[in-house]
Every structure is written in C-alpha cells, then in structure tokens.
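Here's run32.cif, which has mmCIF, C-alpha atoms:
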```cif
data_run
loop_
_atom_site.label_atom_id
_atom_site.label_comp_id
_atom_site.auth_asym_id
_atom_site.auth_seq_id
_atom_site.Cartn_x
_atom_site.Cartn_y
_atom_site.Cartn_z
CA MET A 1 1.69 4.20 38.28
CA SER A 2 -1.63 2.36 38.72
CA GLU A 3 -1.67 -0.90 40.65
CA ALA A 4 -1.98 -4.23 38.89
CA ILE A 5 -5.39 -5.91 39.07
CA ALA A 6 -6.07 -9.66 39.09
CA ILE A 7 -9.52 -10.69 37.87
CA THR A 8 -9.96 -14.11 39.45
CA HIS A 9 -12.28 -17.11 39.06
CA VAL A 10 -13.47 -15.85 35.68
CA LYS A 11 -14.37 -17.69 32.50
CA VAL A 12 -12.92 -16.01 29.41
CA PHE A 13 -14.31 -15.73 25.90
CA ASP A 14 -11.20 -16.44 23.84
CA GLY A 15 -12.70 -15.51 20.48
CA ASN A 16 -14.01 -19.00 19.78
CA ALA A 17 -15.36 -20.47 23.00
CA LEU A 18 -15.54 -20.07 26.74
CA THR A 19 -12.56 -21.23 28.81
CA GLY A 20 -12.66 -22.67 32.29
CA GLU A 21 -12.18 -20.37 35.26
CA ARG A 22 -8.83 -18.60 35.29
CA THR A 23 -7.12 -15.41 36.41
CA VAL A 24 -6.53 -12.43 34.11
CA VAL A 25 -4.12 -9.74 35.27
CA ILE A 26 -4.17 -6.12 34.10
CA ASP A 27 -0.88 -4.25 34.49
CA LYS A 28 0.09 -0.87 33.03
CA GLY A 29 -2.90 -0.88 30.69
CA VAL A 30 -2.27 -4.26 29.11
CA ILE A 31 -3.01 -7.87 29.90
CA SER A 32 -0.12 -9.44 31.77
CA ALA A 33 1.15 -13.01 31.83
CA ALA A 34 1.32 -12.79 35.63
CA THR A 35 -1.17 -14.64 37.81
CA THR A 36 -1.15 -12.39 40.91
CA ALA A 37 -1.50 -8.66 41.54
CA GLU A 38 -1.80 -6.06 44.28
CA ARG A 39 -5.58 -5.85 43.93
CA THR A 40 -8.05 -8.64 43.26
CA VAL A 41 -11.49 -8.62 41.66
CA ASP A 42 -13.49 -11.78 42.36
CA ALA A 43 -15.36 -12.47 39.12
CA ARG A 44 -16.99 -15.73 40.17
CA HIS A 45 -20.03 -16.63 37.98
CA GLY A 46 -18.89 -14.05 35.43
CA THR A 47 -17.55 -14.05 31.88
CA LEU A 48 -14.73 -11.80 30.72
CA LEU A 49 -15.09 -10.51 27.18
CA PRO A 50 -12.82 -8.38 25.01
CA GLY A 51 -14.10 -4.81 24.87
CA PHE A 52 -16.77 -4.44 22.20
CA ILE A 53 -16.03 -2.76 18.89
CA ASP A 54 -19.01 -0.91 17.39
CA SER A 55 -18.19 -0.73 13.68
CA HIS A 56 -20.67 2.04 12.88
CA VAL A 57 -21.41 5.07 15.06
CA HIS A 58 -21.66 8.85 14.76
CA LEU A 59 -20.19 10.83 17.66
CA ARG A 60 -20.66 14.50 18.50
CA ASN A 61 -19.40 14.94 22.06
CA VAL A 62 -17.82 13.40 25.14
CA ALA A 63 -21.20 12.57 26.69
CA GLU A 64 -21.98 10.21 23.80
CA LEU A 65 -18.53 8.68 24.08
CA GLU A 66 -19.09 8.13 27.81
CA GLN A 67 -22.46 6.53 27.21
CA GLY A 68 -21.02 4.04 24.74
CA THR A 69 -18.07 3.23 26.99
CA ARG A 70 -20.27 2.47 30.01
CA TRP A 71 -21.98 -0.20 27.92
CA GLY A 72 -18.63 -1.82 27.14
CA CYS A 73 -17.96 -0.32 23.71
CA THR A 74 -14.24 0.30 24.11
CA THR A 75 -13.61 0.99 20.42
CA MET A 76 -16.03 2.98 18.25
CA LEU A 77 -15.73 3.62 14.53
CA ASP A 78 -17.31 6.90 13.45
CA MET A 79 -18.71 6.52 9.94
CA ALA A 80 -19.21 10.18 9.01
CA SER A 81 -18.91 13.53 10.72
CA GLN A 82 -19.19 17.14 9.60
CA SER A 83 -15.54 17.61 10.53
CA MET A 84 -12.63 15.40 11.53
CA ALA A 85 -11.85 18.12 14.07
CA VAL A 86 -14.80 16.81 16.09
CA THR A 87 -13.49 13.25 15.89
CA ASP A 88 -9.97 14.37 16.78
CA SER A 89 -11.24 16.24 19.85
CA LEU A 90 -12.66 12.97 21.18
CA ARG A 91 -9.55 10.86 20.66
CA HIS A 92 -7.23 9.71 23.45
CA GLN A 93 -9.64 10.40 26.33
CA GLN A 94 -8.45 8.40 29.34
CA GLY A 95 -11.02 5.86 30.41
CA LEU A 96 -13.15 6.38 27.31
CA ALA A 97 -13.51 4.43 24.09
CA ASP A 98 -10.81 4.62 21.44
CA ILE A 99 -12.26 6.00 18.20
CA ARG A 100 -11.53 6.18 14.47
CA GLY A 101 -13.31 8.30 11.89
CA ALA A 102 -14.22 8.77 8.24
CA GLY A 103 -14.84 12.50 8.33
CA ASN A 104 -16.94 13.78 5.43
CA PRO A 105 -18.64 11.09 3.31
CA ALA A 106 -18.60 11.19 -0.47
CA SER A 107 -22.00 11.96 -1.96
CA ALA A 108 -23.45 13.25 -5.20
CA PRO A 109 -23.99 16.98 -5.80
CA GLY A 110 -27.51 17.79 -4.64
CA GLY A 111 -27.69 14.72 -2.41
CA MET A 112 -29.27 14.73 1.03
CA GLN A 113 -25.90 14.77 2.79
CA THR A 114 -25.11 18.30 1.60
CA THR A 115 -28.65 19.66 1.23
CA ARG A 116 -30.25 18.34 4.43
CA MET A 117 -27.69 16.76 6.74
CA GLY A 118 -25.16 19.56 7.12
CA PHE A 119 -22.14 18.14 5.31
CA PRO A 120 -20.06 20.70 3.41
CA ALA A 121 -20.50 21.18 -0.33
CA SER A 122 -16.87 20.13 -0.79
CA SER A 123 -17.80 16.59 0.23
CA ALA A 124 -19.84 16.17 -2.97
CA VAL A 125 -17.93 14.39 -5.75
CA ALA A 126 -18.68 15.72 -9.23
CA GLY A 127 -17.73 12.68 -11.29
CA PRO A 128 -14.76 10.31 -11.62
CA ALA A 129 -12.28 13.11 -12.26
CA ASP A 130 -13.10 14.57 -8.84
CA ALA A 131 -12.38 11.36 -6.92
CA ASN A 132 -8.68 11.98 -6.34
CA ARG A 133 -9.43 15.43 -4.95
CA PHE A 134 -12.02 14.05 -2.53
CA VAL A 135 -9.73 11.31 -1.22
CA ALA A 136 -6.81 13.74 -0.92
CA ASP A 137 -9.02 16.04 1.16
CA ARG A 138 -9.91 13.19 3.50
CA ILE A 139 -6.26 12.22 3.86
CA ALA A 140 -5.39 15.83 4.68
CA ASP A 141 -8.15 15.81 7.31
CA GLY A 142 -6.72 12.66 8.90
CA SER A 143 -9.58 10.31 8.02
CA ASP A 144 -8.94 6.67 8.90
CA TYR A 145 -11.05 5.30 6.03
CA ILE A 146 -13.37 6.55 3.28
CA LYS A 147 -17.18 6.56 3.45
CA VAL A 148 -19.29 6.68 0.28
CA ILE A 149 -23.05 7.25 0.08
CA VAL A 150 -24.51 4.94 -2.56
CA GLU A 151 -28.15 5.42 -3.56
CA ASP A 152 -30.48 3.94 -6.18
CA PRO A 153 -29.97 6.13 -9.30
CA GLN A 154 -33.41 5.18 -10.62
CA ARG A 155 -34.92 6.72 -7.52
CA MET A 156 -32.51 9.61 -6.80
CA GLY A 157 -31.40 10.52 -10.32
CA PRO A 158 -28.41 12.91 -10.41
CA ALA A 159 -28.44 13.07 -6.59
CA ALA A 160 -26.90 9.56 -6.62
CA LEU A 161 -23.26 8.82 -7.40
CA ASP A 162 -22.80 6.73 -10.54
CA ILE A 163 -20.78 3.52 -10.55
CA ALA A 164 -17.86 5.08 -12.42
CA THR A 165 -17.46 7.76 -9.75
CA ILE A 166 -17.72 5.24 -6.91
CA ALA A 167 -15.13 3.00 -8.62
CA ALA A 168 -12.81 6.01 -9.02
CA ILE A 169 -13.14 6.81 -5.30
CA VAL A 170 -12.36 3.18 -4.46
CA GLU A 171 -9.30 3.23 -6.71
CA ALA A 172 -7.98 6.46 -5.17
CA ALA A 173 -8.62 5.21 -1.63
CA HIS A 174 -6.94 1.87 -2.25
CA LYS A 175 -3.87 3.62 -3.66
CA ALA A 176 -3.67 5.36 -0.29
CA SER A 177 -4.22 2.02 1.54
CA LEU A 178 -7.60 3.18 2.88
CA LYS A 179 -10.68 0.97 3.09
CA VAL A 180 -13.94 2.13 1.54
CA ILE A 181 -17.22 1.78 3.41
CA ALA A 182 -20.41 2.12 1.34
CA HIS A 183 -23.78 3.23 2.72
CA VAL A 184 -26.35 0.96 1.04
CA THR A 185 -30.01 0.62 2.01
CA THR A 186 -31.55 -0.54 -1.29
CA LEU A 187 -30.80 -3.59 -3.40
CA ALA A 188 -29.80 -1.40 -6.35
CA ALA A 189 -27.33 0.56 -4.22
CA PHE A 190 -26.00 -2.66 -2.72
CA THR A 191 -25.31 -4.12 -6.18
CA ILE A 192 -23.68 -0.93 -7.48
CA ALA A 193 -21.37 -0.64 -4.47
CA ALA A 194 -20.29 -4.27 -4.76
CA GLU A 195 -19.60 -3.90 -8.49
CA ALA A 196 -17.56 -0.75 -7.79
CA GLY A 197 -15.27 -2.75 -5.51
CA VAL A 198 -15.95 -1.29 -2.07
CA ASP A 199 -14.58 -3.10 0.98
CA ILE A 200 -17.51 -2.86 3.39
CA LEU A 201 -21.26 -2.66 2.85
CA THR A 202 -22.78 -0.86 5.80
CA HIS A 203 -26.54 -1.25 6.35
CA ALA A 204 -28.44 -3.73 4.18
CA PRO A 205 -31.39 -3.45 1.78
CA ILE A 206 -34.84 -2.93 3.21
CA ASP A 207 -36.60 -2.92 -0.17
CA ALA A 208 -35.62 -6.47 -1.17
CA GLU A 209 -33.53 -9.26 0.27
CA VAL A 210 -30.16 -10.36 -1.07
CA ASP A 211 -30.51 -13.89 -2.42
CA ASP A 212 -28.04 -16.73 -1.95
CA ASN A 213 -26.37 -16.21 -5.35
CA LEU A 214 -25.62 -12.56 -4.67
CA ALA A 215 -24.56 -13.34 -1.10
CA SER A 216 -22.11 -15.96 -2.43
CA SER A 217 -20.71 -13.40 -4.86
CA ILE A 218 -20.15 -10.97 -1.99
CA ALA A 219 -18.37 -13.67 0.01
CA LYS A 220 -16.10 -14.61 -2.91
CA ARG A 221 -15.09 -10.96 -3.34
CA GLY A 222 -14.17 -10.69 0.32
CA ILE A 223 -16.61 -7.83 0.91
CA VAL A 224 -17.60 -7.40 4.56
CA SER A 225 -21.07 -6.57 5.91
CA VAL A 226 -21.97 -4.24 8.77
CA PRO A 227 -25.77 -4.64 8.53
CA THR A 228 -26.82 -2.27 11.38
CA LEU A 229 -30.01 -4.24 11.94
CA ILE A 230 -31.16 -1.97 14.75
CA MET A 231 -31.04 1.08 12.45
CA MET A 232 -32.66 -0.71 9.52
CA ARG A 233 -35.49 -1.90 11.75
CA ALA A 234 -36.10 1.71 12.79
CA VAL A 235 -35.82 3.09 9.24
CA ALA A 236 -38.22 0.48 7.85
CA SER A 237 -40.97 1.94 10.00
CA ILE A 238 -40.57 5.43 8.49
CA ALA A 239 -39.12 4.69 5.05
CA ALA A 240 -42.30 5.62 3.22
CA ARG A 241 -41.57 9.26 4.16
CA LEU A 242 -37.99 9.18 2.84
CA PRO A 243 -37.16 10.14 -0.77
CA THR A 244 -34.70 7.24 -0.92
CA HIS A 245 -37.45 4.66 -0.32
CA ALA A 246 -40.88 6.21 -0.86
CA GLY A 247 -43.10 3.93 -2.90
CA SER A 248 -40.87 0.86 -2.57
CA SER A 249 -41.75 -2.40 -0.86
CA VAL A 250 -39.99 -1.71 2.43
CA ASP A 251 -39.81 -4.39 5.11
CA TYR A 252 -37.28 -5.03 7.87
CA ALA A 253 -37.68 -8.74 7.09
CA HIS A 254 -35.67 -8.12 3.89
CA THR A 255 -32.70 -6.95 5.95
CA ARG A 256 -32.93 -9.84 8.38
CA SER A 257 -33.16 -12.36 5.53
CA THR A 258 -30.11 -10.77 3.90
CA VAL A 259 -28.06 -11.34 7.05
CA THR A 260 -29.28 -14.94 7.14
CA ALA A 261 -28.13 -15.38 3.53
CA PHE A 262 -24.78 -13.75 4.33
CA ARG A 263 -24.18 -16.19 7.15
CA ARG A 264 -24.98 -19.18 4.90
CA ALA A 265 -22.61 -17.83 2.26
CA GLY A 266 -19.76 -17.17 4.68
CA VAL A 267 -19.73 -13.37 4.41
CA THR A 268 -17.85 -11.76 7.30
CA ILE A 269 -20.41 -9.90 9.43
CA LEU A 270 -19.35 -7.15 11.84
CA ALA A 271 -21.58 -5.63 14.52
CA GLY A 272 -22.42 -1.97 14.05
CA THR A 273 -25.35 0.11 15.21
CA ASP A 274 -25.34 3.48 13.43
CA ALA A 275 -25.71 4.91 16.95
CA ASN A 276 -26.33 8.63 16.75
CA GLN A 277 -28.21 11.49 18.33
CA GLY A 278 -28.24 13.70 15.24
CA THR A 279 -31.39 15.72 14.62
CA ALA A 280 -31.09 15.20 10.85
CA SER A 281 -30.83 11.43 11.18
CA PRO A 282 -33.82 9.33 10.09
CA ALA A 283 -33.68 7.58 13.48
CA GLN A 284 -31.79 8.27 16.68
CA ILE A 285 -30.11 5.16 18.11
CA PRO A 286 -28.61 5.14 21.65
CA HIS A 287 -24.87 4.69 22.00
CA GLY A 288 -23.70 1.58 23.81
CA LYS A 289 -26.98 -0.12 24.65
CA ALA A 290 -27.72 -0.43 20.93
CA LEU A 291 -24.69 -2.66 20.43
CA HIS A 292 -26.22 -5.23 22.80
CA ASP A 293 -29.54 -4.98 20.96
CA GLU A 294 -27.67 -5.46 17.67
CA LEU A 295 -26.08 -8.66 18.96
CA GLY A 296 -29.54 -9.96 19.83
CA LEU A 297 -30.85 -9.09 16.37
CA LEU A 298 -27.89 -10.84 14.74
CA VAL A 299 -28.74 -13.98 16.69
CA GLU A 300 -32.37 -13.65 15.61
CA ALA A 301 -31.11 -13.49 12.01
CA GLY A 302 -29.31 -16.82 12.39
CA LEU A 303 -25.89 -16.17 13.93
CA THR A 304 -24.97 -18.24 16.97
CA PRO A 305 -24.21 -16.30 20.17
CA VAL A 306 -20.50 -17.08 19.66
CA GLU A 307 -20.64 -15.73 16.10
CA ALA A 308 -22.38 -12.60 17.34
CA LEU A 309 -19.70 -12.08 20.00
CA ARG A 310 -16.99 -12.53 17.36
CA SER A 311 -18.70 -9.89 15.20
CA ALA A 312 -18.09 -7.30 17.94
CA THR A 313 -14.63 -8.38 19.11
CA VAL A 314 -12.05 -10.46 17.27
CA LEU A 315 -13.42 -10.03 13.73
CA PRO A 316 -13.51 -6.19 13.57
CA ALA A 317 -10.13 -6.08 15.32
CA GLU A 318 -8.67 -8.33 12.64
CA TYR A 319 -10.39 -6.60 9.74
CA PHE A 320 -9.50 -3.04 10.74
CA GLY A 321 -5.97 -4.00 11.72
CA PHE A 322 -6.26 -3.45 15.49
CA THR A 323 -3.53 -5.89 16.45
CA ASP A 324 -3.55 -4.74 20.07
CA ARG A 325 -7.13 -5.70 20.94
CA GLY A 326 -10.07 -7.99 20.15
CA VAL A 327 -8.86 -10.98 22.17
CA ILE A 328 -7.78 -11.55 25.76
CA GLU A 329 -4.15 -12.60 25.89
CA PRO A 330 -0.88 -11.26 27.35
CA GLY A 331 0.40 -8.14 25.68
CA ARG A 332 -2.99 -7.02 24.38
CA ARG A 333 -4.62 -3.77 25.40
CA ALA A 334 -6.73 -4.29 28.52
CA ASP A 335 -10.09 -3.41 26.98
CA LEU A 336 -12.35 -5.75 28.91
CA VAL A 337 -16.00 -6.26 29.81
CA LEU A 338 -17.03 -8.43 32.75
CA VAL A 339 -20.59 -9.71 32.56
CA GLU A 340 -22.73 -11.96 34.70
CA GLY A 341 -23.60 -15.31 33.14
CA ASP A 342 -22.60 -16.96 29.87
CA PRO A 343 -23.23 -14.93 26.68
CA THR A 344 -21.94 -17.79 24.53
CA ARG A 345 -25.21 -19.54 25.41
CA ASP A 346 -27.52 -16.56 25.97
CA ILE A 347 -26.48 -13.42 24.09
CA ALA A 348 -28.67 -11.30 26.39
CA ALA A 349 -26.07 -11.88 29.13
CA THR A 350 -23.88 -9.19 27.54
CA CYS A 351 -26.26 -6.64 29.06
CA ALA A 352 -25.53 -7.82 32.61
CA ILE A 353 -22.36 -5.74 32.87
CA ARG A 354 -20.42 -5.85 36.13
CA SER A 355 -17.27 -3.95 35.13
CA VAL A 356 -15.62 -2.27 32.14
CA TRP A 357 -11.94 -1.49 31.64
CA VAL A 358 -10.49 0.72 28.88
CA ALA A 359 -6.74 0.33 28.43
CA GLY A 360 -6.65 -0.90 32.02
CA VAL A 361 -8.68 1.99 33.47
CA GLN A 362 -11.78 0.71 35.28
CA VAL A 363 -14.74 2.86 34.24
CA LEU A 364 -17.55 0.80 35.74
#
```
Mind turning this structure into structure tokens?
Amino acid sequence: MSEAIAITHVKVFDGNALTGERTVVIDKGVISAATTAERTVDARHGTLLPGFIDSHVHLRNVAELEQGTRWGCTTMLDMASQSMAVTDSLRHQQGLADIRGAGNPASAPGGMQTTRMGFPASSAVAGPADANRFVADRIADGSDYIKVIVEDPQRMGPAALDIATIAAIVEAAHKASLKVIAHVTTLAAFTIAAEAGVDILTHAPIDAEVDDNLASSIAKRGIVSVPTLIMMRAVASIAARLPTHAGSSVDYAHTRSTVTAFRRAGVTILAGTDANQGTASPAQIPHGKALHDELGLLVEAGLTPVEALRSATVLPAEYFGFTDRGVIEPGRRADLVLVEGDPTRDIAATCAIRSVWVAGVQVL
C-alpha cells in the first residue's frame, strides 16, 4: 500500500477561483479529507489544478500516452482510431492517463477516411438504413461514443455523408445512450451537423466564421464545442492543398472569431487539441504540450484564464460524466497537476509544471 502524501501550503483551483493556501492529502489514489500524511510535499508558491482532460486526441502507443501524461493530461479522449483494440491496449496503465475512445468514425463511401487514412471500409455508412449497423458495430467494439465525419457536400459530393444519414446515426447512438461527436471544418459541415442533432462539434470552420445568430442557436440546442484551435491554425496554413478546402477562403481568423462568438453566446467550450503523430494526418500535433498551447489560444480568442482552465477540467468531466474527477475535493480521483505561479491570472503558468499525479501515482 502506497503512503499517503500531504501537499502543503498550496493554493487550489476549485473550478471557479483560486483558494487560499491549504493542504491536500492523497491517500490510496483519491483525495482524502485528512490534513496530515506520512510524506509531505511543500508546494509553496504553487497552484494545484485538477488533472487536465484533453477532449480530442488520437493515440497509437504507450509513448504518446506517456508524453501527454507528463504534461498533466491525466484523461485523454481518443476521437478515432483504426481499431478499438489499440485503445483498449492503452487503458488502465498505472501512472498514465485514463483514456476513452470512439474507434472507427462514420464517413461516406469513398471518403478520405477509408481511401487515404487507413480506416476500414466497414466504417463507411451507405445511407440512413446503414446507421443502425454502424452504431451496433461500434457498440460491439466497445466504443465510448460515436464520431461522425461531416464534410461540405457541395465540395465533396458523394464522398460526404448527407444530413439524413447523419441524423440516423445520431438517432441510433442516442438510443444506445452514446454521444455523437461531429468533425466539422467548414461552415456548411458545421450547419449540417447541428441540424442533424449531434452533441459535440469538434474543430470549427476555417472557411467562414460562425456569426452571433448561429452561435446563439448552437447554445440554445445545448451543443458543445471542442474547437481544437491549435489544429485549425495548422490546417489553415495548408488547406489550399486539401480537397476539403481547396479554393475556399481559408483563414485561421475565422476559427478564432467563431470561438469568440461562442463565448458571447454561452456555448460550452471544451479544450481539445487533435494531438496526433499520424502520417496521414494533415498536421501532426504534439501530445500534452499542445493542451497548454490550446489554453493560450482560447484565452486569445476571448476566454478568461479561469474559463480556459474550466474547459480542460471541470466542464469536460461534467459533460462526459466523469463524476470521479475534474475538481479537487475529498473522494475524487487524485489526478492532480502542481504548477508554479497562478494560471488563473496568467494561463501560461500551466506550463510551469512541478509535479503530476495520476490516480495518486506521482509521475513527475
């Protein structure tokens, strides 16, 4: 049995603000109500944060999981993999991030996912009547949620899912109590996904910004945004070479303005990076460090540092139903990040990591 640890003289981000200095005790992998322990960590001048939740990654191996964990990402949500067997092989690794996964994403027959990115032909959905089969396959694989690739049909033609098929996938997923995450990088795709009733819009348009009226509509429907600003900034620089965007008016400023509009409208925004090292990806994004860059970009787009911290801690925990994490209080899983300074005032302070714990195991 591991010894209890008391983190002393530390200010704590409680999900809304920074507390005064206090002691937080880790015992048997959870946060204890005790105030003393066998071992003490003096955290003077530091801030204790809940472990970060990256709401959009792609994982291939333990090395990538380790990299993310060292940067304080103690929960990582994989948003598409060639096989859930890969995701399952990375689960329950002591001292490494806890992960969830979507497995194969739904795409149209002839789409880039099956023709260029290595996803199996069975992940293509051939119309509304095929939706139940696709969702049943994901359930059999053990997927934690459903991912759908939504493209602009005017640009991609039959290689884009139509709204009826997307709506059928949403209906089948919701019957199974699974959330649906839609990949959207154009305004047309964004609008289609929202009309089809998806739960989460991951990425954000780079060909046009979402105006206040559309943002308000998204907020009223309770749709959540994971804008992945760091990925969209990278894609904007190469989009002219991509069939999904060639010839369109691509600008990262559209994505940033969309996030600004979302914040004004009250849309729930979750931090996600699209971190990946896949050779078929339009841009490789580093695991872990990218989450800190994403928080900075969210602040640049208009979120306060506290709102950015919430987007990577308490909000994704609440939205994805992780009742054991996301805040620092007795009984919660001891996923913790100790940083130097005050990230509620300067978001860059999240990078000054002193220690990381995953379920009470100190990994840094």
Original post:
Within 8 Å of Ile206 in chain A, counting all atoms listed in the file, which residues qualify if same-chain residues fewer than 6 places away don't, as a PyMOL selection string?
Top reply: chain A and resi 185-187+232+236+250-255
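Closest approach to Lys175 in chain A from the set A:Phe322, A:Ala131, A:Val24, A:Ile223 is made by A:Ala131, with distances taken over only C-alpha atoms.
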Original post:
What's the 9 Å shell around Leu201 in chain A, counting all atoms listed in the file, without same-chain residues fewer than 4 positions away, as a list in words?
Top reply: Val180, Ile181, Ala182, His183, Val184, Phe190, Ala193, Ala194, Ile223, Val224, Ser225, Val226 and Pro227 of chain A
Residue selection dump (C-alpha atoms) as a PDB file, in the frame of the given file:
```
ATOM      1  CA  VAL A 180     -13.940   2.130   1.540  1.00  0.00           C
ATOM      2  CA  ILE A 181     -17.220   1.780   3.410  1.00  0.00           C
ATOM      3  CA  ALA A 182     -20.410   2.120   1.340  1.00  0.00           C
ATOM      4  CA  HIS A 183     -23.780   3.230   2.720  1.00  0.00           C
ATOM      5  CA  VAL A 184     -26.350   0.960   1.040  1.00  0.00           C
ATOM      6  CA  PHE A 190     -26.000  -2.660  -2.720  1.00  0.00           C
ATOM      7  CA  ALA A 193     -21.370  -0.640  -4.470  1.00  0.00           C
ATOM      8  CA  ALA A 194     -20.290  -4.270  -4.760  1.00  0.00           C
ATOM      9  CA  ILE A 223     -16.610  -7.830   0.910  1.00  0.00           C
ATOM     10  CA  VAL A 224     -17.600  -7.400   4.560  1.00  0.00           C
ATOM     11  CA  SER A 225     -21.070  -6.570   5.910  1.00  0.00           C
ATOM     12  CA  VAL A 226     -21.970  -4.240   8.770  1.00  0.00           C
ATOM     13  CA  PRO A 227     -25.770  -4.640   8.530  1.00  0.00           C
TER      14      PRO A 227
END
```
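The space between CA of Leu242 in chain A and CA of Asp207 in chain A spans 12.5 Å.
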**OP:** Spell out the residues picked by the PyMOL selection byres ((chain A and resi 260) around 10) here, as an MDAnalysis selection string.
**Re:** chainID A and resid 209:212 215 254:259 261:265 298:303
Residues from last step as file, C-alpha atoms, as an mmCIF file, in the frame of the given file:
```
data_model
loop_
_atom_site.group_PDB
_atom_site.id
_atom_site.type_symbol
_atom_site.label_atom_id
_atom_site.label_comp_id
_atom_site.auth_asym_id
_atom_site.auth_seq_id
_atom_site.Cartn_x
_atom_site.Cartn_y
_atom_site.Cartn_z
ATOM 1 C CA GLU A 209 -33.530 -9.260 0.270
ATOM 2 C CA VAL A 210 -30.160 -10.360 -1.070
ATOM 3 C CA ASP A 211 -30.510 -13.890 -2.420
ATOM 4 C CA ASP A 212 -28.040 -16.730 -1.950
ATOM 5 C CA ALA A 215 -24.560 -13.340 -1.100
ATOM 6 C CA HIS A 254 -35.670 -8.120 3.890
ATOM 7 C CA THR A 255 -32.700 -6.950 5.950
ATOM 8 C CA ARG A 256 -32.930 -9.840 8.380
ATOM 9 C CA SER A 257 -33.160 -12.360 5.530
ATOM 10 C CA THR A 258 -30.110 -10.770 3.900
ATOM 11 C CA VAL A 259 -28.060 -11.340 7.050
ATOM 12 C CA ALA A 261 -28.130 -15.380 3.530
ATOM 13 C CA PHE A 262 -24.780 -13.750 4.330
ATOM 14 C CA ARG A 263 -24.180 -16.190 7.150
ATOM 15 C CA ARG A 264 -24.980 -19.180 4.900
ATOM 16 C CA ALA A 265 -22.610 -17.830 2.260
ATOM 17 C CA LEU A 298 -27.890 -10.840 14.740
ATOM 18 C CA VAL A 299 -28.740 -13.980 16.690
ATOM 19 C CA GLU A 300 -32.370 -13.650 15.610
ATOM 20 C CA ALA A 301 -31.110 -13.490 12.010
ATOM 21 C CA GLY A 302 -29.310 -16.820 12.390
ATOM 22 C CA LEU A 303 -25.890 -16.170 13.930
#
```
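Neighbours of Thr273 in chain A closer than or equal to 7 Å, with all atoms listed in the file counted and sequence neighbours fewer than 6 positions away skipped, come out as A:Asp54, A:His56, A:Val57, A:Thr228, A:Ile230, A:Met231, A:Ala290, A:Leu291, A:Glu294.
Going from CA of Ala317 in chain A over to CA of Ile53 in chain A, you cover 7.7 Å.
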**OP:** Please evaluate the PyMOL selection byres ((chain A and resi 330-335) around 10) against the structure above and give the resulting residues as a ChimeraX atom specification.
**Re:** /A:24-34,49-52,72-75,95,97-98,323-329,336-337,356-362
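The space separating CA of Thr313 in chain A from CA of Ala275 in chain A comes to 17.4 Å.
Of the residues under consideration (A:Thr23, A:Asn132, A:Thr36, A:Ser177), A:Thr36 shows the shortest atom-to-atom contact distance to Ala4 in chain A when counting all atoms listed in the file.
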Would you write out, as a PDB file with C-alpha atoms, keeping the file's coordinate frame, every residue that the PyMOL selection byres ((chain A and resi 176) around 12) captures in this file?
```
ATOM      1  CA  ASN A 132      -8.680  11.980  -6.340  1.00  0.00           C
ATOM      2  CA  VAL A 135      -9.730  11.310  -1.220  1.00  0.00           C
ATOM      3  CA  ALA A 136      -6.810  13.740  -0.920  1.00  0.00           C
ATOM      4  CA  ARG A 138      -9.910  13.190   3.500  1.00  0.00           C
ATOM      5  CA  ILE A 139      -6.260  12.220   3.860  1.00  0.00           C
ATOM      6  CA  ALA A 140      -5.390  15.830   4.680  1.00  0.00           C
ATOM      7  CA  SER A 143      -9.580  10.310   8.020  1.00  0.00           C
ATOM      8  CA  ASP A 144      -8.940   6.670   8.900  1.00  0.00           C
ATOM      9  CA  TYR A 145     -11.050   5.300   6.030  1.00  0.00           C
ATOM     10  CA  ILE A 146     -13.370   6.550   3.280  1.00  0.00           C
ATOM     11  CA  ILE A 169     -13.140   6.810  -5.300  1.00  0.00           C
ATOM     12  CA  VAL A 170     -12.360   3.180  -4.460  1.00  0.00           C
ATOM     13  CA  GLU A 171      -9.300   3.230  -6.710  1.00  0.00           C
ATOM     14  CA  ALA A 172      -7.980   6.460  -5.170  1.00  0.00           C
ATOM     15  CA  ALA A 173      -8.620   5.210  -1.630  1.00  0.00           C
ATOM     16  CA  HIS A 174      -6.940   1.870  -2.250  1.00  0.00           C
ATOM     17  CA  LYS A 175      -3.870   3.620  -3.660  1.00  0.00           C
ATOM     18  CA  SER A 177      -4.220   2.020   1.540  1.00  0.00           C
ATOM     19  CA  LEU A 178      -7.600   3.180   2.880  1.00  0.00           C
ATOM     20  CA  LYS A 179     -10.680   0.970   3.090  1.00  0.00           C
ATOM     21  CA  VAL A 180     -13.940   2.130   1.540  1.00  0.00           C
TER      22      VAL A 180
END
```
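Distances here use all atoms listed in the file; by that measure, the residue among A:Val267, A:Arg354, A:Ser281, A:Leu229 closest to Leu297 in chain A is A:Leu229.
Distances here use all atoms listed in the file; by that measure, the residue among A:Ile353, A:Ala189, A:Ala240, A:Val314 closest to Thr268 in chain A is A:Val314.
Among A:Gly20, A:Gly127, A:Pro105, A:Pro243, the residue with the shortest atom-to-atom distance to Ala164 in chain A, counting only C-alpha atoms, is A:Gly127.
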Original post:
Using only C-alpha atoms, which residue out of A:Val125, A:Ile192, A:Ala349, A:Ala308 lies closest to Gly272 in chain A?
Top reply: A:Ala308
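Summary of the local environment: counting all atoms listed in the file, residues at most 12 Å from Ala126 in chain A, other than itself and those fewer than 2 positions away along its chain, are Ala106, Ser107, Ala108, Pro109, Gly110, Gly111, Ala121, Ser122, Ser123, Ala124, Pro128, Ala129, Asp130, Ala131, Asn132, Arg133, Phe134, Pro158, Ala159, Ala160, Leu161, Asp162, Ala164, Thr165, Ile166, Ala168 and Ile169 of chain A.
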**OP:** With a distance cut-off of 8 Å and only C-alpha atoms, select the neighbouring residues of Thr87 in chain A, excluding the residue or stretch itself and same-chain residues fewer than 5 positions from it, and output the selection as a list in words.
**Re:** Leu59, Arg60, Asp78, Ser81, Ile99, Arg100, Gly101 and Gly103 of chain A
